[in-house]
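Here is the file target.txt (compact mmCIF, C-alpha atoms).
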# COMPACT_ATOMS: atom_id res chain seq x y z
CA MET A 398 -171.65 2.76 -35.54
CA ILE A 399 -168.41 1.14 -34.33
CA ILE A 400 -165.39 3.16 -33.20
CA GLU A 401 -162.05 1.34 -33.07
CA LEU A 402 -158.81 2.35 -31.38
CA HIS A 403 -155.45 0.89 -32.43
CA LEU A 404 -152.52 2.17 -30.36
CA LEU A 405 -148.79 1.53 -30.27
CA GLN A 406 -147.23 2.33 -26.92
CA SER A 407 -143.76 1.60 -25.59
CA PHE A 408 -142.92 1.15 -21.91
CA PRO A 409 -139.42 1.11 -20.44
CA VAL A 410 -138.56 -1.02 -17.39
CA SER A 411 -141.96 -1.83 -15.85
CA ASN A 412 -144.23 -4.42 -14.27
CA LEU A 413 -147.61 -2.91 -15.08
CA ASN A 414 -149.77 -6.02 -14.71
CA ARG A 415 -148.37 -8.99 -12.82
CA ASP A 416 -149.50 -12.58 -12.36
CA ASP A 417 -150.00 -14.63 -9.20
CA ILE A 418 -146.24 -14.95 -8.57
CA GLY A 419 -145.44 -11.32 -9.24
CA GLN A 420 -144.06 -11.60 -12.77
CA PRO A 421 -145.25 -9.39 -15.66
CA LYS A 422 -147.98 -11.23 -17.55
CA THR A 423 -147.02 -12.91 -20.81
CA VAL A 424 -148.56 -14.92 -23.64
CA ARG A 425 -147.26 -17.18 -26.41
CA PHE A 426 -148.19 -15.62 -29.76
CA GLY A 427 -146.64 -16.36 -33.14
CA GLY A 428 -144.38 -18.98 -31.57
CA VAL A 429 -142.65 -16.61 -29.14
CA THR A 430 -143.31 -15.18 -25.69
CA ARG A 431 -144.86 -11.70 -25.65
CA ALA A 432 -145.41 -9.20 -22.87
CA ARG A 433 -149.11 -8.84 -22.05
CA ILE A 434 -151.35 -6.38 -20.20
CA SER A 435 -154.79 -7.78 -19.37
CA SER A 436 -157.94 -6.11 -20.62
CA GLN A 437 -159.29 -5.92 -17.07
CA SER A 438 -156.24 -3.95 -15.97
CA LEU A 439 -156.64 -1.51 -18.86
CA LYS A 440 -160.37 -1.06 -18.24
CA ARG A 441 -159.72 -0.29 -14.59
CA ALA A 442 -157.09 2.28 -15.57
CA ALA A 443 -159.50 3.86 -18.05
CA ARG A 444 -162.42 3.97 -15.59
CA GLU A 445 -160.26 5.87 -13.12
CA LEU A 446 -159.72 8.58 -15.76
CA PHE A 447 -163.32 9.10 -16.87
CA THR A 448 -163.99 12.07 -14.62
CA SER A 449 -160.72 13.65 -15.81
CA HIS A 450 -161.94 13.47 -19.39
CA GLY A 451 -165.43 14.90 -19.31
CA LEU A 452 -167.70 12.58 -17.35
CA GLU A 453 -169.24 13.88 -14.14
CA THR A 454 -169.37 12.05 -10.81
CA GLY A 455 -173.10 11.51 -11.28
CA ASP A 456 -172.42 9.73 -14.58
CA ILE A 457 -170.28 7.07 -12.92
CA GLY A 458 -171.23 3.84 -11.14
CA ARG A 459 -169.50 2.00 -8.30
CA ARG A 460 -168.29 -1.57 -7.83
CA THR A 461 -168.93 -2.60 -4.26
CA LYS A 462 -169.90 -5.33 -1.81
CA GLN A 463 -170.97 -2.72 0.72
CA LEU A 464 -174.50 -1.78 -0.35
CA PRO A 465 -176.05 -2.93 2.97
CA GLU A 466 -173.45 -1.05 5.00
CA ARG A 467 -173.91 2.18 3.08
CA ALA A 468 -177.70 1.91 3.09
CA GLY A 469 -177.60 1.30 6.85
CA ILE A 470 -175.57 4.47 7.40
CA LEU A 471 -178.07 6.44 5.31
CA LEU A 472 -181.01 4.96 7.24
CA ALA A 473 -179.39 5.93 10.53
CA GLU A 474 -178.85 9.46 9.23
CA ARG A 475 -182.57 9.57 8.43
CA GLY A 476 -183.24 8.68 12.07
CA LYS A 477 -184.71 5.23 11.43
CA CYS A 478 -182.59 3.45 14.05
CA GLU A 479 -178.97 3.00 15.07
CA VAL A 480 -176.46 2.12 12.33
CA GLY A 481 -175.79 -1.49 13.27
CA ARG A 482 -179.44 -2.49 13.28
CA ALA A 483 -180.14 -0.57 10.08
CA GLN A 484 -177.32 -2.38 8.30
CA LEU A 485 -178.76 -5.74 9.35
CA VAL A 486 -182.15 -4.73 7.95
CA ALA A 487 -180.46 -3.65 4.70
CA GLN A 488 -178.83 -7.09 4.52
CA GLU A 489 -182.28 -8.65 4.65
CA ALA A 490 -183.40 -6.33 1.85
CA LEU A 491 -180.55 -7.51 -0.38
CA ALA A 492 -181.35 -11.12 0.50
CA ALA A 493 -185.01 -10.49 -0.42
CA PHE A 494 -183.81 -9.46 -3.88
CA GLY A 495 -182.25 -12.93 -4.27
CA PHE A 496 -178.64 -12.02 -3.54
CA GLY A 497 -176.32 -13.93 -1.26
CA VAL A 498 -175.06 -12.13 1.83
CA THR A 499 -171.88 -13.21 3.63
CA GLU A 500 -172.29 -14.59 7.13
CA ASP A 501 -169.30 -12.79 8.62
CA ARG A 502 -169.54 -9.20 7.39
CA GLY A 503 -173.01 -8.99 5.90
CA ARG A 504 -171.79 -7.92 2.48
CA SER A 505 -172.86 -9.14 -0.94
CA GLU A 506 -171.09 -12.32 -2.02
CA TYR A 507 -169.47 -10.57 -4.96
CA LEU A 508 -168.91 -7.07 -6.26
CA LEU A 509 -172.07 -5.40 -7.53
CA TYR A 510 -171.71 -2.73 -10.21
CA VAL A 511 -174.39 -0.14 -9.43
CA GLY A 512 -175.33 3.43 -10.27
CA PRO A 513 -174.76 6.40 -7.95
CA ALA A 514 -178.37 6.29 -6.66
CA ALA A 515 -178.31 2.59 -5.65
CA VAL A 516 -177.67 3.18 -1.94
CA GLU A 517 -180.50 5.71 -1.73
CA HIS A 518 -182.91 3.37 -3.53
CA LEU A 519 -181.99 0.47 -1.22
CA ALA A 520 -182.56 2.69 1.84
CA ASP A 521 -185.93 3.79 0.40
CA TYR A 522 -186.96 0.17 -0.06
CA CYS A 523 -185.94 -0.63 3.51
CA GLU A 524 -188.12 2.15 4.85
CA LYS A 525 -191.05 1.09 2.70
CA ARG A 526 -190.82 -2.57 3.82
CA TRP A 527 -189.37 -2.01 7.28
CA ASP A 528 -191.77 -4.16 9.30
CA ILE A 529 -191.50 -7.12 6.90
CA LEU A 530 -187.71 -6.87 6.82
CA GLU A 531 -187.57 -6.65 10.63
CA LYS A 532 -189.50 -9.93 10.87
CA ALA A 533 -187.14 -11.52 8.32
CA LEU A 534 -184.19 -10.30 10.40
CA GLU A 535 -185.62 -11.82 13.59
CA LYS A 536 -186.02 -15.13 11.77
CA GLU A 537 -182.43 -14.93 10.53
CA GLU A 538 -181.14 -14.15 14.02
CA LYS A 539 -182.92 -17.25 15.37
CA ARG A 540 -181.36 -19.34 12.62
CA LYS A 541 -177.88 -18.09 13.52
CA ALA A 542 -178.53 -18.81 17.19
CA ASP A 543 -179.34 -22.43 16.36
CA ALA A 544 -175.99 -24.03 15.63
CA LYS A 545 -177.71 -27.01 13.97
CA LYS A 546 -179.34 -24.90 11.30
CA ALA A 547 -177.71 -24.79 7.87
CA SER A 548 -176.39 -21.55 6.44
CA ARG A 549 -178.76 -19.05 4.84
CA THR A 550 -180.18 -20.13 1.50
CA LYS A 551 -180.93 -17.71 -1.31
CA VAL A 552 -184.58 -16.94 -1.90
CA LYS A 553 -186.36 -16.35 -5.17
CA PRO A 554 -187.60 -12.76 -5.16
CA THR A 555 -191.29 -12.07 -5.64
CA GLN A 556 -192.51 -9.84 -8.46
CA LYS A 557 -192.96 -7.03 -5.93
CA GLU A 558 -189.34 -7.40 -4.81
CA LEU A 559 -188.12 -7.52 -8.41
CA ILE A 560 -189.83 -4.20 -9.16
CA GLU A 561 -188.01 -2.63 -6.22
CA ALA A 562 -184.73 -4.34 -7.11
CA ARG A 563 -184.88 -2.85 -10.61
CA LYS A 564 -184.79 0.59 -9.01
CA VAL A 565 -181.69 -0.32 -6.99
CA PHE A 566 -179.93 -1.84 -10.01
CA ASP A 567 -181.14 0.70 -12.56
CA SER A 568 -178.16 1.49 -14.80
CA SER A 569 -179.79 3.90 -17.23
CA ARG A 570 -177.73 7.06 -17.75
CA VAL A 571 -174.77 5.49 -15.90
CA ALA A 572 -171.98 5.90 -18.43
CA ASP A 573 -169.36 3.41 -17.26
CA ILE A 574 -171.87 0.58 -16.79
CA ALA A 575 -173.25 1.36 -20.25
CA LEU A 576 -169.71 1.25 -21.65
CA PHE A 577 -168.36 -1.84 -19.89
CA GLY A 578 -171.54 -3.77 -19.13
CA ARG A 579 -172.47 -5.68 -16.00
CA MET A 580 -172.89 -9.37 -15.26
CA ILE A 581 -175.02 -10.31 -12.24
CA ALA A 582 -175.05 -14.05 -11.74
CA ASP A 583 -178.06 -14.12 -9.40
CA ASN A 584 -180.37 -12.35 -11.86
CA GLN A 585 -179.56 -12.02 -15.54
CA ASP A 586 -182.37 -9.45 -15.88
CA PHE A 587 -180.02 -6.96 -14.23
CA SER A 588 -177.07 -7.76 -16.51
CA VAL A 589 -176.00 -5.18 -19.10
CA ILE A 590 -174.37 -6.05 -22.41
CA SER A 591 -171.08 -4.19 -22.77
CA ALA A 592 -170.85 -1.55 -25.48
CA SER A 593 -167.06 -1.75 -25.44
CA GLN A 594 -164.65 -4.59 -26.19
CA VAL A 595 -161.07 -4.37 -24.92
CA ALA A 596 -158.26 -6.68 -26.01
CA HIS A 597 -155.32 -7.84 -23.96
CA SER A 598 -152.40 -5.72 -25.11
CA ILE A 599 -149.43 -7.69 -26.45
CA SER A 600 -145.91 -6.71 -27.38
CA THR A 601 -145.14 -6.45 -31.08
CA HIS A 602 -141.92 -8.38 -30.47
CA ALA A 603 -140.59 -11.27 -28.37
CA VAL A 604 -139.96 -10.48 -24.71
CA ALA A 605 -138.06 -12.24 -21.93
CA ASN A 606 -138.92 -11.22 -18.36
CA GLU A 607 -135.94 -10.17 -16.26
CA PHE A 608 -135.46 -9.42 -12.57
CA ASP A 609 -133.86 -6.64 -10.62
CA PHE A 610 -131.79 -7.70 -7.60
CA TYR A 611 -131.89 -5.12 -4.83
CA THR A 612 -130.54 -4.65 -1.32
CA ALA A 613 -131.64 -2.34 1.49
CA MET A 614 -129.52 -1.04 4.33
CA ASP A 615 -130.23 -0.11 7.93
CA ASP A 616 -129.18 3.52 8.29
CA MET A 617 -128.44 2.98 12.00
CA ARG A 618 -126.46 -0.28 11.75
CA PRO A 619 -123.07 -0.48 13.50
CA ALA A 620 -120.12 -0.31 11.13
CA GLU A 621 -119.00 -3.85 12.01
CA GLU A 622 -122.29 -5.46 10.91
CA PRO A 623 -122.88 -6.75 7.34
CA ALA A 624 -123.98 -4.04 4.92
CA ALA A 625 -127.12 -5.61 3.42
CA ASP A 626 -130.08 -5.84 5.81
CA MET A 627 -132.61 -6.98 3.19
CA MET A 628 -132.29 -8.50 -0.26
CA GLY A 629 -134.82 -9.41 -2.90
CA THR A 630 -135.80 -9.34 -6.54
CA ILE A 631 -138.48 -7.54 -8.60
CA ASP A 632 -139.50 -8.89 -12.01
CA TYR A 633 -139.84 -6.54 -14.97
CA ASN A 634 -139.73 -6.25 -18.73
CA ALA A 635 -139.69 -3.53 -21.38
CA ALA A 636 -141.89 -3.67 -24.47
CA CYS A 637 -143.70 -1.93 -27.30
CA TYR A 638 -147.39 -2.91 -27.08
CA TYR A 639 -150.18 -3.10 -29.62
CA ARG A 640 -153.39 -2.02 -27.89
CA TYR A 641 -156.91 -2.45 -29.28
CA ALA A 642 -160.44 -1.55 -28.14
CA ASN A 643 -163.73 -0.84 -29.85
CA LEU A 644 -167.00 0.85 -28.94
CA ASP A 645 -170.46 0.10 -30.34
CA THR A 646 -172.19 3.49 -30.14
CA ASP A 647 -175.62 1.98 -30.94
CA ARG A 648 -175.29 -0.42 -28.00
CA LEU A 649 -174.11 2.46 -25.83
CA LEU A 650 -177.19 4.46 -26.84
CA ARG A 651 -179.52 1.61 -25.83
CA ASN A 652 -177.66 0.99 -22.57
CA LEU A 653 -177.93 4.64 -21.59
CA PHE A 654 -181.51 5.35 -22.60
CA GLY A 655 -183.29 2.01 -23.07
CA GLU A 656 -183.74 -0.57 -25.81
CA GLU A 657 -186.40 1.58 -27.51
CA SER A 658 -184.24 4.70 -27.60
CA VAL A 659 -184.33 7.00 -30.62
CA PRO A 660 -181.39 7.67 -33.00
CA PRO A 661 -178.73 10.14 -31.76
CA GLU A 662 -180.05 12.99 -33.91
CA GLU A 663 -183.49 12.69 -32.27
CA LEU A 664 -182.26 12.73 -28.67
CA SER A 665 -182.94 15.64 -26.38
CA ALA A 666 -180.06 18.07 -25.99
CA GLU A 667 -179.34 16.70 -22.50
CA ASP A 668 -179.30 13.05 -23.61
CA ARG A 669 -177.22 13.77 -26.70
CA ALA A 670 -174.70 15.62 -24.52
CA LEU A 671 -174.39 12.57 -22.24
CA LEU A 672 -173.91 10.25 -25.21
CA VAL A 673 -171.18 12.40 -26.77
CA ARG A 674 -169.60 13.02 -23.36
CA SER A 675 -169.43 9.26 -22.78
CA VAL A 676 -167.83 8.54 -26.16
CA ARG A 677 -165.32 11.37 -25.76
CA ALA A 678 -164.37 10.21 -22.25
CA TRP A 679 -163.99 6.61 -23.47
CA LEU A 680 -161.66 7.68 -26.29
CA ARG A 681 -159.52 9.98 -24.19
CA ALA A 682 -159.38 7.66 -21.18
CA PHE A 683 -158.30 4.66 -23.24
CA VAL A 684 -155.61 6.64 -25.00
CA HIS A 685 -154.22 7.73 -21.62
CA ALA A 686 -154.89 4.52 -19.65
CA VAL A 687 -151.78 3.15 -17.94
CA PRO A 688 -152.04 0.46 -15.23
CA ARG A 689 -150.59 1.44 -11.85
CA GLY A 690 -148.62 -1.77 -11.19
CA LYS A 691 -145.17 -1.04 -9.69
CA GLN A 692 -145.27 2.55 -10.88
CA ASN A 693 -143.77 3.81 -7.62
CA SER A 694 -140.79 1.51 -8.15
CA MET A 695 -140.33 1.96 -11.89
CA ALA A 696 -142.14 5.15 -12.99
CA ALA A 697 -143.22 4.25 -16.53
CA PRO A 698 -146.14 6.63 -17.28
CA THR A 699 -145.75 6.81 -21.07
CA VAL A 700 -148.27 7.81 -23.76
CA PRO A 701 -149.00 6.10 -27.10
CA ASP A 702 -146.67 7.04 -29.97
CA VAL A 703 -149.05 5.98 -32.74
CA LEU A 704 -152.86 6.29 -32.78
CA LEU A 705 -155.13 4.84 -35.44
CA GLY A 706 -158.89 5.37 -35.08
CA VAL A 707 -161.61 3.96 -37.30
CA ALA A 708 -165.33 4.74 -37.48
CA ARG A 709 -167.40 2.09 -39.29
CA THR A 710 -171.02 1.07 -39.70
CA ASP A 711 -170.39 -2.53 -38.62
CA GLY A 712 -167.71 -5.17 -38.15
CA ALA A 713 -164.37 -4.83 -36.39
CA TRP A 714 -160.76 -5.54 -37.31
CA SER A 715 -158.14 -6.22 -34.67
CA LEU A 716 -154.71 -5.66 -36.20
CA ALA A 717 -152.91 -7.97 -33.77
CA ASN A 718 -152.04 -10.38 -36.57
CA ALA A 719 -149.83 -7.70 -38.08
CA PHE A 720 -147.41 -8.87 -35.39
CA LEU A 721 -148.00 -12.62 -35.66
CA SER A 722 -144.46 -12.69 -36.96
CA PRO A 723 -142.66 -10.77 -34.21
CA VAL A 724 -140.77 -7.61 -35.01
CA GLY A 725 -137.10 -8.53 -34.75
CA ASP A 726 -134.01 -6.64 -33.63
CA VAL A 727 -134.35 -3.36 -35.50
CA ALA A 728 -132.96 0.10 -34.97
CA ASP A 729 -136.41 1.67 -34.51
CA LEU A 730 -138.94 -0.70 -32.98
CA MET A 731 -141.78 1.83 -32.97
CA ASP A 732 -141.25 2.86 -36.58
CA THR A 733 -141.21 -0.77 -37.77
CA SER A 734 -144.30 -1.61 -35.72
CA ALA A 735 -146.14 1.42 -37.14
CA ARG A 736 -145.34 0.38 -40.71
CA ARG A 737 -146.49 -3.17 -39.96
CA MET A 738 -149.79 -1.98 -38.51
CA ALA A 739 -150.56 0.42 -41.37
CA GLY A 740 -149.63 -2.13 -44.01
CA TYR A 741 -151.78 -4.85 -42.47
CA PHE A 742 -154.77 -2.50 -42.22
CA ASP A 743 -154.49 -1.74 -45.93
CA GLN A 744 -154.14 -5.46 -46.76
CA ILE A 745 -157.43 -6.20 -44.98
CA ARG A 746 -159.13 -3.32 -46.82
CA ASP A 747 -157.87 -4.55 -50.18
CA PHE A 748 -159.04 -8.13 -49.63
CA TYR A 749 -162.29 -7.70 -47.67
CA GLY A 750 -163.37 -4.28 -48.90
CA ASP A 751 -163.94 -1.09 -46.94
CA GLU A 752 -167.50 -0.06 -47.78
CA GLU A 753 -168.39 0.03 -44.08
CA LEU A 754 -165.62 2.51 -43.19
CA ARG A 755 -166.79 6.05 -42.48
CA GLY A 756 -163.55 7.58 -41.29
CA VAL A 757 -159.92 6.63 -40.68
CA HIS A 758 -157.91 8.93 -38.43
CA TYR A 759 -154.19 8.78 -37.69
CA GLY A 760 -151.90 10.52 -35.25
CA SER A 761 -148.25 10.10 -34.36
CA LEU A 762 -145.63 11.71 -32.15
CA ASP A 763 -143.03 10.99 -34.83
CA PRO A 764 -142.51 13.85 -37.30
CA ARG A 765 -142.33 11.15 -39.97
CA GLY A 766 -146.00 10.36 -39.25
CA GLY A 767 -146.99 11.74 -42.63
CA LEU A 768 -144.90 9.20 -44.55
CA SER A 769 -147.19 7.03 -46.66
CA ASP A 770 -145.88 3.70 -45.34
CA ARG A 771 -146.36 4.69 -41.70
CA GLN A 772 -150.09 5.34 -41.99
CA PRO A 773 -153.00 3.71 -43.84
CA ARG A 774 -153.88 5.26 -47.16
CA GLY A 775 -156.67 7.79 -47.32
CA CYS A 776 -156.61 8.56 -43.60
CA GLN A 777 -157.01 11.96 -41.98
CA GLU A 778 -153.86 12.89 -40.11
CA ALA A 779 -154.47 14.58 -36.76
CA LYS A 780 -151.90 16.99 -35.38
CA GLY A 781 -153.05 16.56 -31.79
CA ILE A 782 -155.23 14.48 -29.49
CA ASP A 783 -158.12 16.96 -29.70
CA ALA A 784 -158.28 16.72 -33.49
CA PHE A 785 -157.95 12.94 -33.35
CA VAL A 786 -160.80 12.47 -30.86
CA GLU A 787 -163.17 15.03 -32.35
CA GLY A 788 -162.50 13.70 -35.84
CA LEU A 789 -163.54 10.20 -34.77
CA ILE A 790 -166.67 11.48 -33.03
CA GLY A 791 -167.62 13.40 -36.16
CA SER A 792 -167.03 10.39 -38.43
CA ALA A 793 -169.27 8.33 -36.13
CA GLY A 794 -172.09 10.78 -36.76
CA LEU A 795 -172.30 12.03 -33.20
Can I see the file as structure tokens?
Amino acid sequence: MIIELHLLQSFPVSNLNRDDIGQPKTVRFGGVTRARISSQSLKRAARELFTSHGLETGDIGRRTKQLPERAGILLAERGKCEVGRAQLVAQEALAAFGFGVTEDRGRSEYLLYVGPAAVEHLADYCEKRWDILEKALEKEEKRKADAKKASRTKVKPTQKELIEARKVFDSSRVADIALFGRMIADNQDFSVISASQVAHSISTHAVANEFDFYTAMDDMRPAEEPAADMMGTIDYNAACYYRYANLDTDRLLRNLFGEESVPPEELSAEDRALLVRSVRAWLRAFVHAVPRGKQNSMAAPTVPDVLLGVARTDGAWSLANAFLSPVGDVADLMDTSARRMAGYFDQIRDFYGDEELRGVHYGSLDPRGGLSDRQPRGCQEAKGIDAFVEGLIGSAGL
């Protein structure tokens, strides 16, 4: 089953997601410049909300380069040796798994997305293979002492090491990895196919970035000195965004419990609870996700005005092309955007058919939400976020 979220959300003066020169991100779409919020920024904002919307700390993974450091601390706490030496041994363990380790700080070369038990499993492996790893460390220390020797080269892990590595990188029952997937360049066996797809959000209308000129004053300056002690500019825009994301619940099921997992109705009570908890957290977190960029300066924590949710057996329809022709200067930008989105959804249904649809749910802050041209036909109108989310979960057969 596929669950889709289509949201319309307006932000006042803001710089939620900026580029390399500090300007709000943009894209050319339909011949005009649009405001844009990257999918990565939205996913990060959603991940940070998961535990506020039903997932437990033990359901959540971590992105980190610091596995060896953390494993070394744990080994020292177990009394194996002092922290510094234990961390060096843990670096050798990660290298034995085929991962690159930085020369300067002994961290993984890139962020590794791991489950909550990864540090403990790495420490367990170190204890199990301590003597072998100590010898590998001595060899590495000799290499570093010889200035003529080239930098460390990655090794191909043995089958024995791969078995142990699978324990460290086990992502079963880790909800956010199951939802967003994981790509590990050094070993594709540890990669996880994402159950969720997230689009870059774009404004429904043309946008031109602007800048705010500001000055700051020294409160203790003498009266005869110039008033402005610092000047600068901050870029911003204001826009109504179309946001889209979808979730493949069958893929989520396999990511959580294995490729040979049973259908939802045959899961144990505990596993079914985790599945439903993950879907509910994904829905609620994405509805509430707001990037943190420049929020202290501009305070733009808004919520979506219009929510359209679809449960379907297969396929997916982004409604971004409803705004290929940008919404122009109108008295009510949100109302016009909502009518555009609903109308385009019905156009797709009429042309391509809707046999795969199992539920269409609609919610709006506007009291005119019930007007026929503001919502797709035949949808179930939700009067609150709880009814919207639970309605989608029910339509998805969970």
Segment 468-477 of chain A surroundings by all atoms listed in the file, 12 Å radius, close-in-sequence under 2 positions cut, as number ranges by chain: A: 462-466, 479-491, 503-504, 514-525, 527-528, 565
Atoms kept (C-alpha atoms) for selection, written as a CSV table (one decimal), in the frame of the given file:
chain,number,residue,atom,x,y,z
A,462,LYS,CA,-169.9,-5.3,-1.8
A,463,GLN,CA,-171.0,-2.7,0.7
A,464,LEU,CA,-174.5,-1.8,-0.4
A,465,PRO,CA,-176.0,-2.9,3.0
A,466,GLU,CA,-173.4,-1.0,5.0
A,479,GLU,CA,-179.0,3.0,15.1
A,480,VAL,CA,-176.5,2.1,12.3
A,481,GLY,CA,-175.8,-1.5,13.3
A,482,ARG,CA,-179.4,-2.5,13.3
A,483,ALA,CA,-180.1,-0.6,10.1
A,484,GLN,CA,-177.3,-2.4,8.3
A,485,LEU,CA,-178.8,-5.7,9.4
A,486,VAL,CA,-182.2,-4.7,8.0
A,487,ALA,CA,-180.5,-3.6,4.7
A,488,GLN,CA,-178.8,-7.1,4.5
A,489,GLU,CA,-182.3,-8.6,4.6
A,490,ALA,CA,-183.4,-6.3,1.8
A,491,LEU,CA,-180.6,-7.5,-0.4
A,503,GLY,CA,-173.0,-9.0,5.9
A,504,ARG,CA,-171.8,-7.9,2.5
A,514,ALA,CA,-178.4,6.3,-6.7
A,515,ALA,CA,-178.3,2.6,-5.6
A,516,VAL,CA,-177.7,3.2,-1.9
A,517,GLU,CA,-180.5,5.7,-1.7
A,518,HIS,CA,-182.9,3.4,-3.5
A,519,LEU,CA,-182.0,0.5,-1.2
A,520,ALA,CA,-182.6,2.7,1.8
A,521,ASP,CA,-185.9,3.8,0.4
A,522,TYR,CA,-187.0,0.2,-0.1
A,523,CYS,CA,-185.9,-0.6,3.5
A,524,GLU,CA,-188.1,2.2,4.8
A,525,LYS,CA,-191.0,1.1,2.7
A,527,TRP,CA,-189.4,-2.0,7.3
A,528,ASP,CA,-191.8,-4.2,9.3
A,565,VAL,CA,-181.7,-0.3,-7.0
Ser407 of chain A environment, 7 Å, all atoms listed in the file, sequence neighbours closer than 3 positions dropped, as an MDAnalysis selection string: chainID A and resid 636:638
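Of note, atom CA of Asp583 of chain A and atom CA of Asp567 of chain A are spaced 15.5 Å apart.
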Segment 552-564 of chain A environment, 6 Å, all atoms listed in the file, sequence neighbours closer than 4 positions dropped, as a VMD selection string: chain A and resid 493 to 495
Just to be explicit: take each residue in the selection above, keep C-alpha atoms, and write the result as a JSON list (two decimals), keeping the file's coordinate frame.
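Okay, this is what ended up in result00.json:
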[["chain", "number", "residue", "atom", "x", "y", "z"],
["A", 493, "ALA", "CA", -185.01, -10.49, -0.42],
["A", 494, "PHE", "CA", -183.81, -9.46, -3.88],
["A", 495, "GLY", "CA", -182.25, -12.93, -4.27]]
Selection as an NGL selection string: residues within 9 Å of (-169.8, 0.1, -20.8), counting all atoms listed in the file: :A and (571-579 or 589-594 or 644 or 649 or 652)
Restrict the calculation to all atoms listed in the file, then for each residue of segment 626-717 of chain A with any atom at most 6 Å from an atom of segment 437-445 of chain A give the closest atom pair and their distance in Å to one decimal, rows by chain and rising residue number, as a tab-separated table.
residue	atom	partner	partner_atom	distance
A:Ala682	CA	A:Ala443	CA	4.9
A:Phe683	CA	A:Ala443	CA	5.4
A:Ala686	CA	A:Ala443	CA	4.9
A:Val687	CA	A:Ala442	CA	5.9
A:Pro688	CA	A:Ala442	CA	5.4
Of the listed residues A:Leu653, A:Ala728, A:Leu705, A:Ala582, that which approaches Ser675 of chain A most closely, counting only C-alpha atoms: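 Among the listed residues, the smallest separation from Ser675 of chain A belongs to A:Leu653.
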One-decimal distance in Å that lies between atom CA of Arg433 of chain A and atom CA of Asn606 of chain A: 11.1 Å
Shell of 7 Å around Met614 of chain A, all atoms listed in the file, local chain residues under 2 positions omitted, as a PyMOL selection string: chain A and resi 612+616+624-627
Length of the atom CA of Thr630 of chain A to atom CA of Tyr611 of chain A vector [Å]: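 Separating atom CA of Thr630 of chain A from atom CA of Tyr611 of chain A is a distance of 6.0 Å.
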Pick from A:Trp714, A:Phe720, A:Trp679, A:Tyr759, whichever lies nearest to Ile745 of chain A using all atoms listed in the file: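 Residue with the minimum atom-to-atom distance to Ile745 of chain A: A:Trp714.
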Counting all atoms listed in the file, the residue of A:Lys532, A:Arg502, A:Arg460, A:Arg640 that sits nearest Ser715 of chain A: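 Of the candidates, the smallest distance to Ser715 of chain A is held by A:Arg640.
Checking A:Glu622, A:Asp609, A:Asp751, A:Glu778 one by one against Gly706 of chain A, counting only C-alpha atoms, you find the shortest gap at A:Glu778.
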Of the listed residues A:Met617, A:Leu650, A:Met628, A:Met738, that which approaches Ala717 of chain A most closely, counting only C-alpha atoms: A:Met738
